[in-house]
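Trainee: Following this line is query06.txt, made up of compact mmCIF, C-alpha atoms and all ligand atoms:
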```txt
# COMPACT_ATOMS: atom_id res chain seq x y z
CA MET A 1 -20.67 27.75 0.48
CA GLU A 2 -23.82 29.82 1.10
CA GLU A 3 -25.58 28.09 -1.79
CA LYS A 4 -24.83 24.77 -0.19
CA THR A 5 -26.35 25.77 3.15
CA LYS A 6 -29.49 27.13 1.53
CA SER A 7 -30.24 23.96 -0.39
CA HIS A 8 -29.41 21.52 2.37
CA ARG A 9 -32.93 20.04 2.34
CA ALA A 10 -33.03 19.05 -1.32
CA ALA A 11 -31.89 15.67 -2.65
CA GLY A 12 -30.80 14.05 -5.90
CA LEU A 13 -29.90 15.86 -9.10
CA GLU A 14 -32.50 18.50 -8.24
CA ARG A 15 -30.10 19.53 -5.46
CA VAL A 16 -27.36 20.40 -7.96
CA LYS A 17 -29.46 21.23 -11.01
CA LYS A 18 -28.00 24.69 -11.33
CA TRP A 19 -24.78 23.02 -12.49
CA LEU A 20 -26.53 20.62 -14.84
CA TYR A 21 -28.59 23.06 -16.87
CA ALA A 22 -25.86 24.71 -18.90
CA LYS A 23 -28.44 26.85 -20.73
CA SER A 24 -27.19 30.38 -20.14
CA LEU A 25 -23.65 31.54 -20.77
CA GLU A 26 -23.17 32.14 -17.03
CA GLU A 27 -24.26 28.61 -16.18
CA ARG A 28 -22.09 27.10 -18.90
CA GLY A 29 -19.06 28.76 -17.36
CA ALA A 30 -20.03 27.24 -14.01
CA GLY A 31 -20.08 23.67 -15.27
CA CYS A 32 -17.30 21.22 -16.08
CA VAL A 33 -15.00 22.69 -18.74
CA LEU A 34 -13.34 19.29 -19.43
CA CYS A 35 -9.90 20.53 -18.47
CA GLY A 36 -8.93 17.15 -16.98
CA SER A 37 -7.18 18.61 -13.95
CA CYS A 38 -9.30 16.58 -11.54
CA TYR A 39 -7.64 13.33 -12.58
CA GLY A 40 -4.18 14.71 -13.24
CA HIS A 41 -4.27 14.28 -17.00
CA GLY A 42 -5.18 17.73 -18.19
CA PRO A 43 -3.33 20.99 -18.32
CA ALA A 44 -2.58 22.56 -14.95
CA ASN A 45 -5.78 23.88 -13.48
CA PRO A 46 -5.86 27.57 -14.42
CA MET A 47 -7.02 28.40 -10.88
CA GLU A 48 -4.06 26.62 -9.31
CA ASP A 49 -0.42 27.58 -8.79
CA HIS A 50 0.55 23.96 -8.38
CA PRO A 51 -0.91 21.20 -10.54
CA GLY A 52 -0.06 18.53 -7.97
CA PHE A 53 0.65 14.91 -8.69
CA LYS A 54 -0.49 13.09 -11.78
CA THR A 55 -2.22 10.42 -9.73
CA LYS A 56 -5.39 11.97 -8.40
CA CYS A 57 -8.57 9.90 -8.80
CA PRO A 58 -8.17 6.31 -7.46
CA PRO A 59 -10.86 4.68 -9.65
CA TYR A 60 -9.38 6.26 -12.77
CA GLU A 61 -5.86 5.09 -11.87
CA PHE A 62 -7.17 1.59 -11.18
CA TYR A 63 -9.45 1.04 -14.20
CA ARG A 64 -7.70 3.42 -16.61
CA PHE A 65 -10.82 4.19 -18.62
CA GLN A 66 -12.01 7.76 -19.19
CA ARG A 67 -15.45 6.95 -17.91
CA PHE A 68 -14.02 6.54 -14.38
CA THR A 69 -12.85 10.17 -14.17
CA PRO A 70 -14.57 12.85 -12.05
CA LYS A 71 -15.44 14.85 -15.17
CA SER A 72 -17.18 11.83 -16.70
CA ARG A 73 -19.28 11.41 -13.56
CA TRP A 74 -20.32 15.07 -13.89
CA LEU A 75 -21.22 14.61 -17.56
CA MET A 76 -23.15 11.43 -16.83
CA ALA A 77 -25.16 13.26 -14.15
CA GLN A 78 -25.89 15.99 -16.67
CA ARG A 79 -27.15 13.54 -19.29
CA VAL A 80 -29.34 11.68 -16.80
CA PHE A 81 -30.78 14.97 -15.52
CA HIS A 82 -31.75 16.02 -19.05
CA GLY A 83 -33.29 12.63 -19.82
CA LEU A 84 -30.63 11.77 -22.42
CA ASP A 85 -29.38 8.63 -20.67
CA PRO A 86 -31.11 6.11 -18.43
CA ILE A 87 -29.56 4.81 -15.22
CA THR A 88 -27.86 1.60 -16.33
CA PRO A 89 -25.72 -0.94 -14.41
CA GLU A 90 -22.67 0.42 -16.30
CA LEU A 91 -23.43 3.98 -15.20
CA LYS A 92 -23.92 2.82 -11.62
CA GLU A 93 -20.55 1.07 -11.64
CA VAL A 94 -18.83 4.35 -12.55
CA ILE A 95 -20.76 6.41 -10.00
CA TYR A 96 -20.17 3.99 -7.12
CA THR A 97 -16.43 3.51 -7.66
CA CYS A 98 -15.78 7.01 -6.27
CA THR A 99 -13.94 6.57 -2.97
CA THR A 100 -15.03 10.07 -1.85
CA CYS A 101 -11.38 11.09 -1.53
CA LEU A 102 -12.34 14.72 -2.34
CA MET A 103 -9.30 15.22 -4.58
CA CYS A 104 -11.39 16.40 -7.55
CA GLN A 105 -13.25 18.82 -5.27
CA GLU A 106 -9.88 20.14 -4.10
CA ILE A 107 -8.50 20.72 -7.55
CA CYS A 108 -11.48 21.63 -9.76
CA GLY A 109 -11.33 25.35 -10.37
CA VAL A 110 -14.79 25.98 -11.76
CA ARG A 111 -16.74 26.04 -8.50
CA ASN A 112 -16.11 28.20 -5.47
CA ASP A 113 -19.42 27.73 -3.70
CA GLY A 114 -18.75 24.37 -2.08
CA TYR A 115 -20.03 22.36 -5.04
CA GLY A 116 -17.77 20.50 -7.41
CA PRO A 117 -17.42 17.21 -9.29
CA TRP A 118 -17.57 15.14 -6.12
CA ASP A 119 -20.81 16.75 -4.90
CA ILE A 120 -22.38 16.10 -8.25
CA ALA A 121 -21.38 12.41 -8.15
CA VAL A 122 -22.94 12.15 -4.69
CA ALA A 123 -26.13 13.82 -5.97
CA MET A 124 -26.14 11.19 -8.75
CA ARG A 125 -26.03 8.49 -6.05
CA GLU A 126 -29.02 10.16 -4.39
CA GLU A 127 -30.84 10.11 -7.71
CA ILE A 128 -30.08 6.43 -8.19
CA THR A 129 -31.27 5.62 -4.66
CA ALA A 130 -34.49 7.57 -5.24
CA GLN A 131 -35.20 5.86 -8.56
CA GLN A 132 -33.90 2.35 -8.00
CA GLY A 133 -32.91 2.00 -4.34
CA PRO A 134 -29.41 1.37 -3.04
CA ILE A 135 -27.04 -1.00 -4.81
CA ASP A 136 -27.00 -4.47 -3.26
CA ALA A 137 -23.60 -3.99 -1.59
CA HIS A 138 -24.84 -0.87 0.18
CA ARG A 139 -28.28 -2.09 1.25
CA PRO A 140 -27.06 -3.50 4.60
CA LEU A 141 -25.44 -0.14 5.40
CA LEU A 142 -28.71 1.70 4.74
CA GLU A 143 -30.70 -0.82 6.78
CA GLY A 144 -28.19 -0.57 9.62
CA LEU A 145 -28.71 3.19 9.70
CA GLN A 146 -32.49 2.92 9.46
CA HIS A 147 -32.85 0.34 12.23
CA HIS A 148 -29.89 1.05 14.52
CA ASN A 149 -28.50 4.48 13.59
CA ASN A 150 -25.30 2.59 12.83
CA PRO A 151 -24.04 1.53 9.38
CA TRP A 152 -22.83 -1.82 10.73
CA ALA A 153 -26.18 -2.53 12.36
CA LEU A 154 -24.70 -2.65 15.86
CA PRO A 155 -27.68 -2.62 18.23
CA LYS A 156 -27.70 -0.27 21.21
CA SER A 157 -26.78 -3.13 23.52
CA ARG A 158 -23.42 -3.43 21.74
CA ARG A 159 -22.66 0.27 21.46
CA GLY A 160 -20.54 2.31 23.82
CA GLN A 161 -18.61 -0.81 24.88
CA TRP A 162 -15.38 0.95 23.99
CA ALA A 163 -15.77 3.15 27.09
CA LYS A 164 -16.14 0.26 29.54
CA GLY A 165 -13.82 0.56 32.52
CA LEU A 166 -12.66 4.10 31.63
CA GLY A 167 -14.90 5.78 34.21
CA LEU A 168 -16.33 8.37 31.79
CA LYS A 169 -19.36 10.56 32.43
CA LYS A 170 -22.42 9.97 30.29
CA LEU A 171 -24.76 12.61 28.98
CA GLY A 172 -28.11 12.22 30.72
CA ALA A 173 -26.74 11.07 34.04
CA ASP A 174 -24.20 13.93 33.85
CA LYS A 175 -23.78 17.27 32.12
CA SER A 176 -20.89 19.13 30.53
CA PRO A 177 -20.47 21.64 27.68
CA THR A 178 -17.87 19.33 26.08
CA LEU A 179 -18.81 16.14 24.27
CA LEU A 180 -16.45 13.38 23.15
CA PHE A 181 -18.11 11.99 20.01
CA ALA A 182 -16.55 8.56 19.51
CA GLY A 183 -18.06 7.57 16.13
CA CYS A 184 -19.60 4.26 15.02
CA SER A 185 -16.18 2.64 14.56
CA ALA A 186 -15.36 3.03 18.25
CA ASP A 187 -16.98 -0.33 18.90
CA LEU A 188 -15.00 -1.99 16.10
CA PRO A 189 -11.29 -2.88 16.12
CA SER A 190 -10.57 -0.06 13.62
CA GLY A 191 -11.89 2.72 15.86
CA ARG A 192 -11.53 1.50 19.41
CA ALA A 193 -7.90 2.59 19.87
CA GLY A 194 -8.63 6.16 18.74
CA ALA A 195 -11.69 6.62 20.94
CA THR A 196 -10.14 5.15 24.09
CA ALA A 197 -6.87 7.08 23.62
CA LEU A 198 -8.77 10.34 23.13
CA ALA A 199 -10.80 9.74 26.29
CA ARG A 200 -7.61 9.03 28.24
CA LEU A 201 -5.90 12.13 26.85
CA MET A 202 -8.89 14.30 27.77
CA LYS A 203 -8.97 12.83 31.27
CA GLN A 204 -5.27 13.41 31.66
CA ALA A 205 -5.82 17.07 30.69
CA ARG A 206 -8.51 17.22 33.41
CA GLU A 207 -11.11 18.14 30.78
CA ASP A 208 -14.68 18.02 32.00
CA PHE A 209 -16.54 16.09 29.29
CA VAL A 210 -19.34 13.62 28.61
CA ILE A 211 -19.89 10.82 26.11
CA LEU A 212 -23.13 9.51 24.62
CA GLY A 213 -22.37 5.81 25.07
CA GLU A 214 -25.10 3.56 23.65
CA GLU A 215 -27.17 6.65 22.79
CA GLU A 216 -24.66 7.85 20.18
CA SER A 217 -25.90 7.86 16.57
CA CYS A 218 -23.89 7.85 13.35
CA CYS A 219 -22.70 11.33 12.33
CA GLY A 220 -24.20 10.60 8.90
CA LEU A 221 -21.05 9.81 6.91
CA TYR A 222 -22.36 6.76 5.08
CA ALA A 223 -25.77 8.31 4.58
CA SER A 224 -24.23 11.44 3.11
CA ASP A 225 -21.67 9.83 0.85
CA LEU A 226 -23.61 6.81 -0.38
CA GLY A 227 -26.62 8.85 -1.47
CA PHE A 228 -29.11 8.24 1.38
CA ARG A 229 -29.91 11.92 1.69
CA GLY A 230 -33.11 11.46 3.72
CA GLU A 231 -31.26 9.37 6.30
CA TYR A 232 -28.47 11.92 6.37
CA TYR A 233 -30.89 14.77 7.17
CA ARG A 234 -32.56 12.66 9.85
CA LEU A 235 -29.24 11.80 11.56
CA GLN A 236 -28.00 15.36 11.24
CA GLN A 237 -31.13 16.75 12.87
CA GLU A 238 -31.11 14.16 15.66
CA ASN A 239 -27.45 14.83 16.45
CA LEU A 240 -28.01 18.58 16.43
CA LYS A 241 -31.02 18.22 18.73
CA VAL A 242 -29.01 16.18 21.24
CA ALA A 243 -26.14 18.68 21.20
CA ARG A 244 -28.34 21.77 21.48
CA GLN A 245 -30.62 20.41 24.19
CA ALA A 246 -27.61 19.42 26.29
CA GLY A 247 -25.99 22.85 25.87
CA ILE A 248 -22.90 21.39 24.18
CA LYS A 249 -20.38 24.02 23.13
CA LYS A 250 -17.46 21.85 22.04
CA ILE A 251 -17.46 18.48 20.29
CA VAL A 252 -14.20 16.55 20.15
CA VAL A 253 -14.29 13.68 17.65
CA ALA A 254 -12.05 10.65 17.41
CA CYS A 255 -12.36 10.02 13.65
CA GLY A 256 -11.39 12.15 10.64
CA SER A 257 -14.65 11.40 8.83
CA CYS A 258 -16.81 12.45 11.82
CA ARG A 259 -14.85 15.72 11.80
CA ARG A 260 -15.81 16.39 8.18
CA ILE A 261 -19.47 15.51 8.61
CA TRP A 262 -20.07 17.53 11.80
CA GLN A 263 -18.37 20.49 10.12
CA ASP A 264 -20.73 20.16 7.14
CA TYR A 265 -23.86 20.51 9.27
CA PRO A 266 -25.70 23.78 8.49
CA LYS A 267 -23.73 26.68 9.91
CA GLU A 268 -26.77 28.45 11.36
CA GLU A 269 -27.71 25.33 13.32
CA MET A 270 -24.13 24.83 14.56
CA GLU A 271 -23.79 28.38 15.86
CA GLY A 272 -21.98 28.38 19.19
CA ILE A 273 -20.79 24.77 18.78
CA GLU A 274 -17.16 24.13 17.95
CA VAL A 275 -16.05 20.85 16.37
CA LEU A 276 -12.49 19.60 16.52
CA HIS A 277 -10.66 16.36 16.02
CA GLY A 278 -8.61 14.80 18.81
CA VAL A 279 -5.36 15.88 17.16
CA GLU A 280 -6.49 19.50 17.09
CA TYR A 281 -7.45 19.16 20.74
CA VAL A 282 -4.01 17.74 21.66
CA ASP A 283 -2.26 20.38 19.58
CA ARG A 284 -4.06 23.06 21.60
CA LEU A 285 -2.99 21.41 24.85
CA LEU A 286 0.61 21.54 23.66
CA ARG A 287 0.41 25.17 22.62
CA ALA A 288 -1.16 26.10 25.96
CA ASP A 289 1.58 24.23 27.86
CA ARG A 290 -0.98 21.86 29.28
CA LEU A 291 0.83 18.86 27.85
CA LYS A 292 4.49 18.06 27.42
CA PHE A 293 6.29 15.03 26.04
CA ASN A 294 9.34 14.20 28.11
CA LYS A 295 10.32 10.64 27.35
CA PRO A 296 12.13 10.03 24.08
CA VAL A 297 10.44 7.80 21.51
CA ARG A 298 13.01 6.68 18.96
CA ARG A 299 10.84 5.97 15.92
CA LYS A 300 10.98 6.96 12.27
CA ILE A 301 7.40 7.86 11.45
CA THR A 302 5.39 8.73 8.39
CA TYR A 303 1.91 10.25 8.63
CA HIS A 304 -1.02 9.48 6.32
CA ASP A 305 -3.45 12.41 5.96
CA PRO A 306 -6.96 10.90 5.95
CA CYS A 307 -8.90 12.42 3.03
CA HIS A 308 -11.75 13.62 5.25
CA LEU A 309 -9.52 15.17 7.91
CA GLY A 310 -7.13 16.73 5.38
CA ARG A 311 -8.92 17.79 2.21
CA GLY A 312 -12.32 17.48 3.93
CA SER A 313 -11.56 19.53 7.05
CA GLY A 314 -8.28 21.32 6.30
CA VAL A 315 -6.45 19.72 9.26
CA TYR A 316 -2.86 19.17 8.10
CA GLU A 317 -0.51 20.77 10.61
CA ALA A 318 -1.88 19.70 14.03
CA PRO A 319 -0.72 16.06 13.70
CA ARG A 320 2.68 17.16 12.42
CA ASN A 321 3.13 19.71 15.23
CA ILE A 322 2.38 17.00 17.77
CA LEU A 323 4.82 14.53 16.23
CA ARG A 324 7.56 17.14 16.03
CA SER A 325 7.15 17.88 19.74
CA ILE A 326 7.83 14.28 20.80
CA PRO A 327 11.55 13.92 21.51
CA GLY A 328 13.25 11.24 19.45
CA VAL A 329 10.55 11.08 16.74
CA GLU A 330 11.80 11.51 13.19
CA LEU A 331 8.97 12.52 10.88
CA VAL A 332 9.45 11.60 7.23
CA GLU A 333 6.86 12.61 4.66
CA MET A 334 5.47 10.46 1.91
CA GLU A 335 5.81 11.98 -1.52
CA ARG A 336 2.08 12.68 -1.75
CA ASN A 337 1.29 14.47 1.50
CA ARG A 338 -1.14 17.02 2.90
CA ARG A 339 -3.58 18.12 0.15
CA TRP A 340 -2.05 15.64 -2.31
CA SER A 341 -2.38 12.67 0.06
CA TRP A 342 -3.30 9.44 -1.74
CA CYS A 343 -6.58 7.81 -0.67
CA CYS A 344 -6.55 4.55 1.35
CA GLY A 345 -9.57 3.37 -0.67
CA GLY A 346 -11.69 2.98 2.45
CA GLY A 347 -14.46 5.53 1.86
CA GLY A 348 -17.59 5.93 -0.22
CA GLY A 349 -18.78 2.36 0.28
CA VAL A 350 -16.06 1.18 -2.13
CA PRO A 351 -14.69 -1.56 0.17
CA GLU A 352 -18.21 -3.03 0.27
CA ALA A 353 -18.93 -2.71 -3.47
CA PHE A 354 -15.51 -2.87 -5.21
CA PRO A 355 -13.05 -4.48 -2.78
CA GLU A 356 -10.39 -4.96 -5.46
CA LEU A 357 -10.23 -1.19 -6.08
CA SER A 358 -10.14 -0.45 -2.37
CA GLN A 359 -7.42 -3.05 -1.85
CA TRP A 360 -5.29 -1.67 -4.67
CA SER A 361 -5.54 1.90 -3.35
CA ALA A 362 -4.56 0.84 0.19
CA GLN A 363 -1.66 -1.20 -1.16
CA ASP A 364 -0.45 1.73 -3.24
CA ARG A 365 -0.41 3.95 -0.15
CA LEU A 366 1.34 1.33 1.98
CA SER A 367 4.03 0.91 -0.69
CA GLU A 368 4.55 4.67 -0.66
CA ALA A 369 4.86 4.59 3.14
CA GLY A 370 7.45 1.82 2.75
CA ARG A 371 9.55 3.95 0.39
CA THR A 372 10.05 6.59 3.12
CA GLY A 373 12.07 4.15 5.22
CA ALA A 374 9.73 4.77 8.18
CA ASP A 375 9.16 2.03 10.72
CA LEU A 376 5.67 3.19 11.68
CA LEU A 377 2.71 4.59 9.72
CA LEU A 378 0.41 6.81 11.76
CA THR A 379 -3.02 8.04 10.79
CA THR A 380 -6.18 9.06 12.58
CA SER A 381 -9.29 7.82 10.84
CA ALA A 382 -11.06 4.56 11.51
CA LEU A 383 -11.76 4.09 7.79
CA CYS A 384 -8.07 4.39 6.88
CA LEU A 385 -7.01 2.02 9.65
CA ARG A 386 -9.63 -0.53 8.57
CA SER A 387 -8.44 -0.23 4.99
CA PHE A 388 -4.77 -0.69 5.85
CA ALA A 389 -5.51 -3.59 8.20
CA GLN A 390 -7.84 -5.43 5.82
CA HIS A 391 -6.32 -4.84 2.45
CA GLY A 392 -2.69 -4.05 2.67
CA GLN A 393 0.53 -5.83 3.20
CA SER A 394 3.16 -3.52 4.54
CA ARG A 395 6.54 -3.61 6.11
CA VAL A 396 5.44 -0.40 7.88
CA PRO A 397 2.78 -1.27 10.47
CA PRO A 398 -0.11 1.21 10.75
CA GLN A 399 -1.19 2.64 14.10
CA GLU A 400 -3.78 5.13 15.32
CA LEU A 401 -2.04 8.46 15.99
CA LEU A 402 -4.06 9.26 19.13
CA GLU A 403 -3.04 5.93 20.62
CA PHE A 404 0.62 6.64 19.78
CA ILE A 405 0.34 10.07 21.44
CA TYR A 406 -1.12 8.60 24.61
CA GLN A 407 1.63 5.98 24.76
CA ALA A 408 4.28 8.66 24.26
CA ILE A 409 3.25 10.66 27.33
S1 LIG A 501 -14.55 18.38 -13.18
FE1 LIG A 501 -13.43 20.34 -12.91
S2 LIG A 501 -11.26 19.79 -12.96
FE2 LIG A 501 -12.41 18.06 -13.82
S3 LIG A 501 -12.40 18.33 -16.03
FE3 LIG A 501 -14.28 19.31 -15.23
S4 LIG A 501 -13.74 21.45 -14.84
FE4 LIG A 501 -11.80 20.31 -15.07
S1 LIG A 502 -13.75 12.16 -4.91
FE1 LIG A 502 -11.80 11.10 -5.45
S2 LIG A 502 -12.46 9.08 -6.19
FE2 LIG A 502 -14.25 10.41 -6.24
S3 LIG A 502 -14.31 11.22 -8.31
FE3 LIG A 502 -13.20 12.72 -7.03
S4 LIG A 502 -11.03 12.20 -7.25
FE4 LIG A 502 -12.21 10.42 -7.99
```
Show me this structure written as structure tokens.
Mentor:
Amino acid sequence: MEEKTKSHRAAGLERVKKWLYAKSLEERGAGCVLCGSCYGHGPANPMEDHPGFKTKCPPYEFYRFQRFTPKSRWLMAQRVFHGLDPITPELKEVIYTCTTCLMCQEICGVRNDGYGPWDIAVAMREEITAQQGPIDAHRPLLEGLQHHNNPWALPKSRRGQWAKGLGLKKLGADKSPTLLFAGCSADLPSGRAGATALARLMKQAREDFVILGEEESCCGLYASDLGFRGEYYRLQQENLKVARQAGIKKIVVACGSCRRIWQDYPKEEMEGIEVLHGVEYVDRLLRADRLKFNKPVRRKITYHDPCHLGRGSGVYEAPRNILRSIPGVELVEMERNRRWSWCCGGGGGVPEAFPELSQWSAQDRLSEAGRTGADLLLTTSALCLRSFAQHGQSRVPPQELLEFIYQAI
């Protein structure tokens, strides 16, 4: 991980060139060895005890051509870096179908420094942006970030509306060492329930906290994952400046993707600032006896691990601990759970560029939820909820976990 922190200012293939050279024997061993583990069609990863499920990379499972595998994206980046291949529309299609599910990063055994096949695909996106600009489907997201610090181009006047009527304190007018970071989706239907429920839960716990309201900027998720590295650094630095100047010590986020991005900010600049998702916050309340569920909720529930909260942040048990502590709740797992959780198809700008792939991945997950016999599907990421709401048909309705928790109190 140290390597990653050191090079956090670079962009494009230059940023990952060490893994594209393959000149010395040492470097060759540190590049893709074509084992195929990342898409579930190779031998078991030699670094792994458990090979996991065969279905790993959503674009590969959808298109079923070798070029859509994580290893192919790595090899393509290598060839472009060495000037062997130009950036063509066909190459761009492969690079931009990655849903940023982080499965290949999880399973690839050749890198232990924070880099892996996914990072290299993202660096390839940065290279494409630098040489040719964003793809058409992603241009509005970039412009939204540039002009409004928001991928959906919501102007300041329309931001922070989610908090209306909740009586929350705002940074600037008030101070506190704890910040509730709502995320850009809080002002959209997909994120509103999570942000408002988290605020209510924190109020109920008598937590002293502030929000940023209309002053909140994107954490940098879209900028990071779609290859707008310059925008990502800008947002990262602006967010860090706000947090440090206000003396923030704890940031509680309402979305799984915000959790991953804040955690990825340079460690030395995050010193003294703790980041946790709402479910980790609630789990702590439970463990400290500051929260108790008394009324029975007779539901059969299955939980979808969002890629960025699970594989991206390592948060698997907090949501399950909470659900197990609600009397009457029966928790049933989907076959692919925790680190093997199947992607909803909602990340990486795929819904904007390849809606049919995104739709298929969401539908696949909803079908899996249906096979558990659950009557409710809980998750806690605005991207997953948007994906399930827009693309899937399910006999198991999806709901934001934080909202469910608040209703269960
Ligand atoms: S990217 Fe990693 S897991 Fe995939 S084929 Fe290459 S070495 Fe194996
Ligand atoms: S992050 Fe997921 S979608 Fe992207 S290449 Fe890796 S396994 Fe495939």
Trainee: Residues at most 8 Å from ligand LIG 501 (chain A), using only C-alpha atoms and all ligand atoms? Could they come as a ChimeraX atom specification?
Mentor: /A:31-39,42,45,69-72,74,104-105,107-111,116-117
Trainee: Please, what distance in Å, to one decimal, runs between atom CA of Leu142 of chain A and atom CA of Ser185 of chain A?
Mentor: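 Atom CA of Leu142 of chain A sits 15.9 Å away from atom CA of Ser185 of chain A.
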Trainee: Counting all atoms listed in the file, what are the residues, protein, DNA or RNA alike, that approach ligand LIG 502 (chain A) to within 10 Å? I want them as a ChimeraX atom specification.
Mentor: /A:38-40,55-61,68-74,94-108,116-122,307,342-343,345,347-348,350
Trainee: I'd like to know which of A:Gly213, A:Gly220, A:Gly346, A:Gly167 is closest to Gly144 of chain A, using only C-alpha atoms.
Mentor: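 Closest to Gly144 of chain A, using only C-alpha atoms: A:Gly220.
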Trainee: Residues within 10 Å of Asp187 of chain A, please, as a PyMOL selection string. Count all atoms listed in the file; anything in the same chain fewer than 6 positions from it doesn't count.
Mentor: chain A and resi 154+158-163+193+195
Trainee: Taking all atoms listed in the file into account, which of A:Ser325, A:Gln236, A:Ser313, A:Asn337 comes nearest Ala408 of chain A?
Mentor: A:Ser325
Trainee: Pick the closest to Val282 of chain A from A:Val252, A:Ala123, A:Cys258, A:Leu221: which is it, counting only C-alpha atoms?
Mentor: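 Of all the options, A:Val252 lies closest to Val282 of chain A.
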Trainee: Rounded to one decimal, what separation in Å do you get between atom CA of Gly172 of chain A and atom CA of Ile273 of chain A?
Mentor: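 Atom CA of Ile273 of chain A lies 18.8 Å from atom CA of Gly172 of chain A.
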Trainee: A:Ala369, A:Ala11, A:Val242, A:Leu377: which is nearest Ile301 of chain A, counting all atoms listed in the file?
Mentor: A:Leu377
Trainee: Residues near Arg229 of chain A, anyone? I mean within 9 Å using only C-alpha atoms, not counting same-chain ones fewer than 3 positions away, as a PyMOL selection string.
Mentor: chain A and resi 9-12+123+126+223-226+232-234
Trainee: Can you measure atom CA of Gln131 of chain A to atom CA of Tyr115 of chain A for me? One decimal in Å is fine.
Mentor: 22.7 Å
